[in-house]
file upload.txt (compact mmCIF, C-alpha atoms and all ligand atoms)
# COMPACT_ATOMS: atom_id res chain seq x y z
CA MET A 1 -8.25 -11.06 -24.40
CA THR A 2 -6.86 -11.79 -20.93
CA SER A 3 -6.82 -8.77 -18.70
CA VAL A 4 -4.02 -7.63 -16.44
CA TYR A 5 -5.04 -5.68 -13.36
CA LEU A 6 -2.29 -3.37 -12.09
CA ASP A 7 -4.45 -0.85 -10.24
CA ASN A 8 -4.37 -2.36 -6.77
CA ASN A 9 -3.82 0.99 -5.05
CA ALA A 10 -7.28 1.97 -6.32
CA THR A 11 -8.83 -1.24 -5.12
CA THR A 12 -8.11 -4.97 -4.87
CA ARG A 13 -10.08 -8.07 -5.77
CA VAL A 14 -11.84 -9.67 -2.79
CA ASP A 15 -9.90 -12.84 -1.98
CA ILE A 16 -12.10 -15.88 -2.48
CA ARG A 17 -11.31 -17.00 1.10
CA VAL A 18 -12.49 -13.62 2.34
CA ALA A 19 -15.72 -13.95 0.35
CA GLU A 20 -16.22 -17.45 1.78
CA ALA A 21 -15.73 -16.17 5.33
CA MET A 22 -18.22 -13.38 4.66
CA LEU A 23 -20.98 -15.41 3.07
CA PRO A 24 -22.50 -16.97 6.23
CA THR A 25 -22.84 -13.51 7.77
CA LEU A 26 -25.40 -12.63 5.10
CA THR A 27 -27.66 -15.63 5.50
CA GLU A 28 -26.89 -17.40 8.80
CA VAL A 29 -24.96 -15.12 11.14
CA PHE A 30 -27.27 -12.22 10.32
CA GLY A 31 -28.15 -11.11 13.82
CA ASN A 32 -27.59 -7.65 15.25
CA PRO A 33 -24.56 -7.84 17.58
CA SER A 34 -26.45 -5.70 20.11
CA SER A 35 -29.33 -8.19 20.39
CA LEU A 36 -29.50 -10.30 23.52
CA HIS A 37 -30.59 -13.54 21.83
CA ALA A 38 -28.46 -16.25 20.26
CA PHE A 39 -28.52 -14.66 16.77
CA GLY A 40 -27.05 -11.51 18.26
CA ALA A 41 -24.49 -13.39 20.31
CA VAL A 42 -23.12 -15.25 17.28
CA ALA A 43 -22.82 -12.00 15.31
CA LYS A 44 -21.17 -10.32 18.31
CA ALA A 45 -18.65 -13.16 18.56
CA ALA A 46 -17.89 -12.88 14.83
CA VAL A 47 -17.21 -9.14 15.21
CA ALA A 48 -14.97 -9.81 18.23
CA ALA A 49 -12.97 -12.41 16.28
CA ALA A 50 -12.51 -9.98 13.38
CA ARG A 51 -11.40 -7.24 15.78
CA GLU A 52 -8.73 -9.59 17.08
CA ASP A 53 -7.52 -10.34 13.53
CA VAL A 54 -7.22 -6.62 12.74
CA ARG A 55 -5.40 -6.06 16.04
CA ALA A 56 -2.94 -8.82 15.27
CA LEU A 57 -2.13 -7.59 11.75
CA ILE A 58 -1.31 -4.06 12.87
CA GLY A 59 0.35 -5.15 16.10
CA ALA A 60 -1.92 -3.21 18.43
CA ALA A 61 -1.74 -4.09 22.11
CA HIS A 62 -5.49 -4.40 22.71
CA ALA A 63 -8.46 -5.39 20.53
CA ASP A 64 -10.55 -2.57 22.04
CA GLU A 65 -8.22 -0.10 20.31
CA ILE A 66 -9.84 -1.05 16.97
CA VAL A 67 -12.93 0.91 15.86
CA PHE A 68 -14.70 -0.39 12.76
CA THR A 69 -15.71 2.22 10.18
CA SER A 70 -16.95 2.37 6.59
CA GLY A 71 -13.44 2.72 5.13
CA GLY A 72 -10.35 4.86 4.89
CA THR A 73 -12.14 8.15 4.36
CA GLU A 74 -14.32 7.75 7.43
CA SER A 75 -11.37 6.55 9.53
CA ASP A 76 -9.40 9.64 8.55
CA ALA A 77 -12.34 11.93 9.32
CA LEU A 78 -13.05 10.24 12.66
CA ALA A 79 -9.39 10.48 13.63
CA ILE A 80 -9.03 14.13 12.72
CA LEU A 81 -12.41 15.47 13.85
CA GLY A 82 -12.49 13.16 16.86
CA ALA A 83 -9.02 14.18 18.02
CA LEU A 84 -9.66 17.88 17.47
CA GLY A 85 -12.99 17.55 19.26
CA SER A 86 -11.20 16.59 22.44
CA ALA A 87 -7.97 18.59 21.94
CA THR A 88 -6.60 20.65 24.79
CA SER A 89 -7.59 24.28 24.46
CA GLY A 90 -4.81 26.48 23.15
CA ARG A 91 -3.74 23.83 20.68
CA THR A 92 -5.21 25.09 17.42
CA GLU A 93 -2.76 23.94 14.76
CA ILE A 94 -2.67 20.88 12.49
CA VAL A 95 0.37 19.59 10.64
CA ILE A 96 0.02 17.42 7.52
CA SER A 97 2.14 16.68 4.47
CA VAL A 98 1.30 18.35 1.19
CA VAL A 99 0.88 14.92 -0.43
CA GLU A 100 -1.85 13.58 1.88
CA HIS A 101 -4.85 11.86 0.33
CA PRO A 102 -7.81 14.24 -0.15
CA ALA A 103 -9.57 12.40 2.70
CA VAL A 104 -7.07 14.15 5.00
CA ARG A 105 -5.97 17.18 3.02
CA ARG A 106 -9.34 18.51 1.91
CA LEU A 107 -10.80 17.94 5.37
CA CYS A 108 -7.97 19.85 7.03
CA GLN A 109 -8.14 22.64 4.45
CA SER A 110 -11.86 23.01 5.13
CA LEU A 111 -11.23 23.04 8.88
CA GLN A 112 -8.79 25.88 8.34
CA LYS A 113 -11.50 27.84 6.54
CA THR A 114 -14.48 27.00 8.73
CA ARG A 115 -12.94 26.66 12.19
CA GLY A 116 -10.04 29.03 11.88
CA LEU A 117 -7.48 26.33 12.68
CA VAL A 118 -3.95 26.95 11.42
CA LEU A 119 -2.87 24.32 8.90
CA HIS A 120 0.78 23.58 8.12
CA GLU A 121 1.26 21.62 4.88
CA ILE A 122 4.81 20.28 4.92
CA PRO A 123 6.47 20.14 1.49
CA VAL A 124 8.22 17.14 -0.06
CA ASP A 125 11.33 16.95 -2.22
CA GLY A 126 11.64 15.67 -5.78
CA HIS A 127 11.55 12.05 -4.51
CA GLY A 128 8.41 12.67 -2.46
CA ARG A 129 10.33 12.69 0.85
CA LEU A 130 9.06 14.92 3.63
CA ASP A 131 11.02 18.10 4.36
CA ARG A 132 12.14 17.15 7.88
CA ALA A 133 13.40 20.64 8.76
CA ALA A 134 10.05 22.19 7.82
CA TYR A 135 8.29 19.49 9.83
CA ALA A 136 10.36 20.17 12.94
CA ALA A 137 9.80 23.90 12.55
CA ALA A 138 6.01 23.48 12.24
CA LEU A 139 5.67 21.56 15.53
CA SER A 140 5.05 23.65 18.62
CA ALA A 141 3.04 23.88 21.84
CA ARG A 142 0.17 25.03 19.61
CA THR A 143 0.06 21.78 17.60
CA ALA A 144 -3.06 19.77 18.35
CA LEU A 145 -2.67 17.05 15.74
CA VAL A 146 -0.23 15.73 13.16
CA SER A 147 -1.56 13.61 10.30
CA ILE A 148 1.07 12.14 7.99
CA MET A 149 0.39 9.16 5.75
CA TRP A 150 2.39 5.95 6.12
CA ALA A 151 2.66 5.31 2.38
CA ASN A 152 1.67 7.58 -0.47
CA ASN A 153 -1.03 6.19 -2.73
CA GLU A 154 0.42 7.65 -5.94
CA THR A 155 4.14 6.96 -5.59
CA GLY A 156 4.30 4.34 -2.83
CA THR A 157 6.82 6.49 -0.92
CA VAL A 158 6.96 5.39 2.71
CA PHE A 159 7.25 8.11 5.34
CA PRO A 160 9.32 7.58 8.50
CA VAL A 161 6.23 7.58 10.69
CA ALA A 162 7.96 6.24 13.81
CA ASP A 163 10.35 9.23 13.88
CA LEU A 164 7.63 11.68 12.88
CA ALA A 165 5.35 10.35 15.63
CA ALA A 166 8.12 10.64 18.23
CA ALA A 167 8.70 14.29 17.27
CA ALA A 168 4.97 14.99 17.47
CA LYS A 169 4.84 13.45 20.96
CA THR A 170 7.75 15.59 22.11
CA ALA A 171 5.68 18.61 21.07
CA GLY A 172 2.73 17.20 23.04
CA ALA A 173 0.61 16.67 19.90
CA LEU A 174 -1.48 13.69 18.86
CA PHE A 175 -0.16 11.70 15.89
CA HIS A 176 -2.46 10.17 13.25
CA THR A 177 -1.29 8.20 10.23
CA ASP A 178 -3.32 7.31 7.16
CA ALA A 179 -1.98 3.78 6.66
CA VAL A 180 -4.53 2.81 4.00
CA GLN A 181 -1.77 1.95 1.49
CA ALA A 182 0.54 0.41 4.08
CA VAL A 183 -1.51 -2.09 6.08
CA GLY A 184 -1.13 -5.57 4.63
CA ARG A 185 1.79 -4.41 2.49
CA LEU A 186 4.42 -3.80 5.15
CA PRO A 187 4.71 -4.56 8.86
CA VAL A 188 2.99 -1.85 10.86
CA GLY A 189 3.72 -2.71 14.52
CA VAL A 190 1.68 0.18 15.85
CA ALA A 191 2.09 -0.61 19.56
CA GLU A 192 5.83 -0.04 19.62
CA ARG A 193 5.58 3.28 17.77
CA MET A 194 4.24 6.49 19.24
CA ILE A 195 1.22 6.45 16.96
CA ASP A 196 -2.08 7.48 18.53
CA LEU A 197 -4.42 6.95 15.59
CA LEU A 198 -4.10 4.85 12.42
CA SER A 199 -6.52 4.49 9.50
CA LEU A 200 -6.92 1.41 7.33
CA SER A 201 -9.31 0.37 4.59
CA GLY A 202 -10.58 -3.10 3.69
CA HIS A 203 -10.72 -2.78 -0.08
CA LYS A 204 -6.98 -2.13 -0.35
CA LEU A 205 -6.21 -5.51 1.17
CA HIS A 206 -8.56 -7.93 -0.58
CA ALA A 207 -11.65 -7.25 1.57
CA PRO A 208 -14.75 -5.57 0.13
CA LYS A 209 -15.36 -1.85 -0.22
CA GLY A 210 -17.22 -0.03 2.53
CA VAL A 211 -15.37 -1.30 5.57
CA GLY A 212 -12.30 -0.07 7.38
CA ALA A 213 -10.96 0.55 10.84
CA LEU A 214 -9.41 3.22 12.99
CA TYR A 215 -6.82 2.27 15.58
CA VAL A 216 -7.18 4.46 18.67
CA ARG A 217 -4.45 3.96 21.25
CA ARG A 218 -5.82 3.36 24.75
CA GLY A 219 -5.95 6.63 26.63
CA VAL A 220 -6.46 8.77 23.50
CA ARG A 221 -9.69 10.74 23.82
CA LEU A 222 -11.78 10.66 20.68
CA ALA A 223 -15.00 12.65 20.29
CA ALA A 224 -17.60 10.53 18.45
CA GLN A 225 -18.77 12.10 15.20
CA THR A 226 -22.16 10.39 15.01
CA SER A 227 -24.83 10.26 17.69
CA GLY A 228 -26.87 7.15 18.22
CA GLY A 229 -26.24 3.76 19.76
CA SER A 230 -23.21 2.96 21.86
CA GLN A 231 -21.59 0.62 19.35
CA GLU A 232 -17.79 0.55 19.14
CA ARG A 233 -17.57 1.62 22.79
CA GLY A 234 -19.39 4.85 22.02
CA ARG A 235 -16.89 5.92 19.40
CA ARG A 236 -18.90 5.12 16.26
CA ALA A 237 -22.66 4.82 16.49
CA GLY A 238 -24.62 2.64 14.08
CA THR A 239 -25.33 -1.07 13.71
CA GLU A 240 -22.10 -2.81 12.81
CA ASN A 241 -21.49 -3.87 9.20
CA VAL A 242 -21.05 -7.48 10.29
CA PRO A 243 -20.39 -8.93 6.80
CA GLY A 244 -17.83 -6.24 6.03
CA ILE A 245 -16.20 -6.54 9.44
CA VAL A 246 -15.93 -10.33 9.21
CA ALA A 247 -14.46 -9.96 5.72
CA LEU A 248 -11.96 -7.38 6.97
CA GLY A 249 -10.93 -9.74 9.76
CA ALA A 250 -10.43 -12.59 7.29
CA ALA A 251 -8.44 -10.34 4.96
CA CYS A 252 -6.21 -9.21 7.84
CA ALA A 253 -5.63 -12.81 8.95
CA LEU A 254 -4.63 -13.75 5.39
CA ALA A 255 -2.38 -10.73 5.05
CA ALA A 256 -0.67 -11.54 8.36
CA GLU A 257 -0.05 -15.09 7.18
CA ARG A 258 1.27 -14.09 3.76
CA ILE A 259 2.97 -10.72 4.11
CA ALA A 260 6.48 -12.08 4.72
CA SER A 261 6.45 -14.32 1.64
CA ASP A 262 4.36 -12.07 -0.63
CA THR A 263 6.33 -8.87 -0.16
CA PRO A 264 9.68 -9.94 -1.69
CA ARG A 265 7.90 -11.64 -4.59
CA ILE A 266 5.79 -8.57 -5.33
CA ALA A 267 8.84 -6.30 -5.02
CA ALA A 268 10.78 -8.48 -7.48
CA LEU A 269 7.96 -8.32 -10.03
CA ARG A 270 7.63 -4.57 -9.54
CA ASP A 271 11.38 -4.15 -10.04
CA THR A 272 11.31 -6.26 -13.22
CA LEU A 273 8.51 -4.08 -14.54
CA GLU A 274 10.23 -0.86 -13.58
CA THR A 275 13.70 -1.63 -14.91
CA GLY A 276 12.18 -3.20 -18.03
CA LEU A 277 10.15 -0.11 -18.81
CA LEU A 278 13.06 2.24 -18.16
CA ALA A 279 15.22 0.15 -20.49
CA ARG A 280 12.60 -0.02 -23.26
CA VAL A 281 11.12 3.48 -23.19
CA ALA A 282 13.25 6.59 -23.65
CA GLY A 283 12.13 9.65 -21.68
CA ALA A 284 10.79 7.72 -18.69
CA ARG A 285 11.58 8.27 -15.01
CA VAL A 286 10.42 6.73 -11.75
CA LEU A 287 8.66 8.98 -9.25
CA GLY A 288 9.02 8.43 -5.53
CA ASP A 289 11.67 7.31 -3.11
CA SER A 290 13.18 4.09 -4.46
CA GLU A 291 14.95 3.62 -1.10
CA SER A 292 11.73 3.69 0.88
CA ARG A 293 8.67 2.50 -1.02
CA VAL A 294 5.86 -0.04 -0.64
CA ALA A 295 6.71 -3.17 -2.61
CA ASN A 296 3.74 -3.08 -4.95
CA THR A 297 3.91 0.40 -6.46
CA THR A 298 5.81 2.08 -9.25
CA SER A 299 4.82 5.43 -10.62
CA ILE A 300 6.48 6.23 -13.93
CA ALA A 301 6.48 9.58 -15.69
CA PHE A 302 6.66 9.33 -19.48
CA ALA A 303 7.68 12.50 -21.33
CA ALA A 304 5.54 13.83 -24.16
CA VAL A 305 2.37 11.81 -23.49
CA GLU A 306 -0.87 12.46 -21.62
CA SER A 307 -1.32 9.84 -18.91
CA GLU A 308 -5.08 9.63 -19.52
CA ALA A 309 -4.42 8.62 -23.11
CA VAL A 310 -1.95 5.96 -21.94
CA VAL A 311 -4.48 4.58 -19.48
CA ARG A 312 -7.23 4.43 -22.12
CA LEU A 313 -5.04 2.83 -24.77
CA LEU A 314 -3.66 0.25 -22.31
CA ASP A 315 -7.24 -0.51 -21.33
CA ARG A 316 -7.95 -1.38 -24.95
CA HIS A 317 -5.11 -3.90 -24.65
CA GLY A 318 -6.67 -5.32 -21.48
CA ILE A 319 -4.20 -3.69 -19.08
CA ALA A 320 -5.64 -1.70 -16.16
CA VAL A 321 -3.41 0.99 -14.64
CA SER A 322 -4.05 4.44 -13.26
CA SER A 323 -3.07 7.97 -14.13
CA GLY A 324 -1.77 9.21 -10.79
CA SER A 325 -4.46 8.76 -8.17
CA ALA A 326 -7.75 7.07 -9.02
CA CYS A 327 -9.48 9.65 -6.85
CA ALA A 328 -8.08 12.40 -9.10
CA ALA A 329 -9.03 10.61 -12.33
CA GLY A 330 -11.06 12.56 -14.85
CA SER A 331 -8.89 15.61 -14.42
CA VAL A 332 -6.20 16.35 -16.99
CA GLU A 333 -4.17 18.40 -14.52
CA PRO A 334 -1.20 16.64 -12.90
CA SER A 335 -2.13 15.50 -9.42
CA HIS A 336 -1.24 17.53 -6.32
CA VAL A 337 1.38 14.88 -5.50
CA VAL A 338 3.11 15.24 -8.88
CA ARG A 339 2.96 19.02 -8.53
CA ALA A 340 4.34 18.92 -4.98
CA MET A 341 7.31 16.87 -6.16
CA GLY A 342 8.15 19.51 -8.75
CA VAL A 343 8.13 17.04 -11.64
CA PRO A 344 9.14 18.93 -14.81
CA GLU A 345 6.21 19.91 -17.02
CA ASP A 346 7.05 17.61 -19.96
CA PHE A 347 6.92 14.60 -17.60
CA ALA A 348 4.19 15.79 -15.22
CA ARG A 349 1.29 15.07 -17.57
CA GLY A 350 2.49 11.56 -18.37
CA VAL A 351 2.50 9.92 -14.93
CA VAL A 352 1.22 6.34 -14.91
CA ARG A 353 0.85 4.31 -11.73
CA PHE A 354 1.32 0.55 -11.84
CA SER A 355 0.23 -1.12 -8.59
CA LEU A 356 0.63 -4.86 -8.13
CA SER A 357 -0.84 -7.32 -5.66
CA ARG A 358 -0.11 -10.83 -4.43
CA GLU A 359 -2.20 -12.04 -7.40
CA THR A 360 0.13 -10.48 -9.99
CA THR A 361 2.08 -13.03 -12.05
CA ALA A 362 5.39 -12.92 -13.96
CA ALA A 363 3.48 -13.63 -17.20
CA GLU A 364 1.36 -10.52 -16.62
CA ILE A 365 4.45 -8.39 -16.09
CA ASP A 366 5.93 -9.77 -19.34
CA ARG A 367 2.78 -8.79 -21.16
CA VAL A 368 2.85 -5.27 -19.75
CA LEU A 369 6.50 -4.96 -20.75
CA ALA A 370 5.60 -5.98 -24.28
CA VAL A 371 2.62 -3.63 -24.63
CA VAL A 372 3.55 -0.40 -22.82
CA PRO A 373 6.53 0.62 -25.01
CA ALA A 374 4.41 0.19 -28.15
CA VAL A 375 1.55 2.20 -26.62
CA ILE A 376 3.84 5.04 -25.59
CA GLY A 377 5.49 4.99 -29.03
CA GLU A 378 2.11 5.13 -30.74
CA LEU A 379 0.94 8.07 -28.62
CA ARG A 380 4.12 9.99 -29.10
CA ALA A 381 4.15 9.35 -32.84
CA ASP A 382 6.88 11.74 -33.94
CA ARG A 383 6.35 14.29 -31.16
CA PHE A 384 9.22 13.04 -29.02
CA GLU A 385 12.95 13.38 -29.57
CA PRO A 386 14.92 11.63 -26.82
CA ALA A 387 17.72 13.83 -25.50
CA ALA A 388 21.06 12.88 -27.07
N1 LIG B 401 -6.19 7.29 2.14
C1 LIG B 401 -5.44 6.81 1.15
C2 LIG B 401 -3.95 6.96 1.22
C3 LIG B 401 -6.03 6.19 0.04
O1 LIG B 401 -5.27 5.72 -0.95
C4 LIG B 401 -7.44 6.07 0.00
C5 LIG B 401 -8.12 5.48 -1.18
O2 LIG B 401 -7.62 5.52 -2.29
C6 LIG B 401 -8.19 6.56 1.09
C7 LIG B 401 -7.53 7.17 2.14
C8 LIG B 401 -9.68 6.45 1.12
O3 LIG B 401 -10.05 5.13 1.49
P1 LIG B 401 -11.53 4.59 1.18
O4 LIG B 401 -11.63 4.42 -0.29
O5 LIG B 401 -11.62 3.29 1.92
O6 LIG B 401 -12.49 5.60 1.72
call {"tool": "encode", "arguments": {"input": "upload.txt", "output": "structure tokens", "more": "lines below"}}
Ligand code: PLP
result
Amino acid sequence: MTSVYLDNNATTRVDIRVAEAMLPTLTEVFGNPSSLHAFGAVAKAAVAAAREDVRALIGAAHADEIVFTSGGTESDALAILGALGSATSGRTEIVISVVEHPAVRRLCQSLQKTRGLVLHEIPVDGHGRLDRAAYAAALSARTALVSIMWANNETGTVFPVADLAAAAKTAGALFHTDAVQAVGRLPVGVAERMIDLLSLSGHKLHAPKGVGALYVRRGVRLAAQTSGGSQERGRRAGTENVPGIVALGAACALAAERIASDTPRIAALRDTLETGLLARVAGARVLGDSESRVANTTSIAFAAVESEAVVRLLDRHGIAVSSGSACAAGSVEPSHVVRAMGVPEDFARGVVRFSLSRETTAAEIDRVLAVVPAVIGELRADRFEPAA
């Protein structure tokens, strides 16, 4: 049975060109970039080249604004803890959206408990759009940091980060965005926006797991969260993950080259899938902001089914999708994102996320369109009566 992988928001396949770029760093370019000899110098040059490729993809002004990390979670933690660690006294409040990834939300919730910081979680509407009035009201001279994601991992909804960042700046706060689901999927152009900190993760853009980066605008003070060597200009101690970093650079270079042509093709396939499913399955609705979404994601709520059962049955047909967020998998409760959007109860338990990549083909979408309606029908048996 051929398999169809539509879970690219959980992780992506490493591009073969990325793997090829990475391979020599395991066996030939294996030096420690801090070493003074030739082995070290070659590794150091490889890291510098990768830093430039990451800079170029996100449109940062300077390569030294890129700090390599172990992935999205660490980038988020370094941004938040690092920014708070050097925040001006008197600024004790954090503003996030209620639909942030747990890497941001759980961290901020624990900071509220352990450090007594005040946390504002801004609600979203039924389409997953941020409540702009609540956001404006939450910002004040007490705000130390705002952290709002660029694109939501479950619905693909894109937040207006440029406007949100500008408002944060007016309040004198730092602005961080978790762009893990955005980088490589839409143009980021960080330099011309008032973004201070931006997180990205390699494994969401065809690089391996365990590598990521944090953009730190020049002039933003960031307190290091690990003590040790002075790697990454003192912002992240520890010998660099040269293979991962080189792979991330290669993945960013590929994404930069392909984003303009890939995006409309992926969006067209996603739209075919979405409209096809809505036409074939009664009691189905799309979650998220169809006006402002990443091209690769559609999150569909099916009434009268359990999403976990859909995911398992589709898996038996060789189709890999996700029930809401991969990070929330294993739980039968609707995700915090679905809850925050106020999705009605009969739909909330049946949310299935289809996330495409540049490797997705039209034939795969046809296969999904053929299988999903039958799977939903089988699971519903006679439990579902479409509204007249
Ligand atoms: N932020 C978002 C929006 C994500 O989707 C993810 C992963 O799913 C992360 C952060 C965590 O990234 P990583 O898996 O690289 O730690």
call {"tool": "closest_residue", "arguments": {"input": "upload.txt", "among": "A:Arg339, A:Leu81, A:Arg380, A:Ala38", "to": "Leu222 (chain A)", "atoms": "only C-alpha atoms"}}
result
A:Leu81
call {"tool": "atom_distance", "arguments": {"input": "upload.txt", "atom1": "CA of Leu198 (chain A)", "atom2": "CA of Ser355 (chain A)"}}
result
22.3 Å
call {"tool": "closest_residue", "arguments": {"input": "upload.txt", "among": "A:Ala144, A:Ser261, A:Arg285, A:Thr239", "to": "Lys169 (chain A)", "atoms": "all atoms listed in the file"}}
result
A:Ala144
call {"tool": "axis_aligned_box", "arguments": {"input": "upload.txt", "around": "ligand LIG 401 (chain B)", "padding_each_side": "4 Å", "output": "JSON"}}
result
{"center_x": -8.2, "center_y": 5.3, "center_z": -0.1, "size_x": 16.5, "size_y": 12.0, "size_z": 12.4}
call {"tool": "closest_residue", "arguments": {"input": "upload.txt", "among": "A:Asp15, A:Glu232, A:Glu28, A:Glu274", "to": "Ile300 (chain A)", "atoms": "all atoms listed in the file"}}
result
A:Glu274
call {"tool": "residues_around", "arguments": {"input": "upload.txt", "residues": "region 253-260 of chain A", "least_positions_apart": "4", "cutoff": "8 Å", "atoms": "all atoms listed in the file", "output": "list in words"}}
result
Asp53, Val54, Ala56, Leu57, Gly184, Arg185, Leu186, Pro187, Leu205, Gly249 and Pro264 of chain A
call {"tool": "residues_around", "arguments": {"input": "upload.txt", "residues": "region 172-177 of chain A", "least_positions_apart": "3", "cutoff": "9 Å", "atoms": "only C-alpha atoms", "output": "number ranges by chain"}}
result
A: 76, 79-80, 83, 87, 91, 139-150, 161, 164-169, 180, 194-199, 220
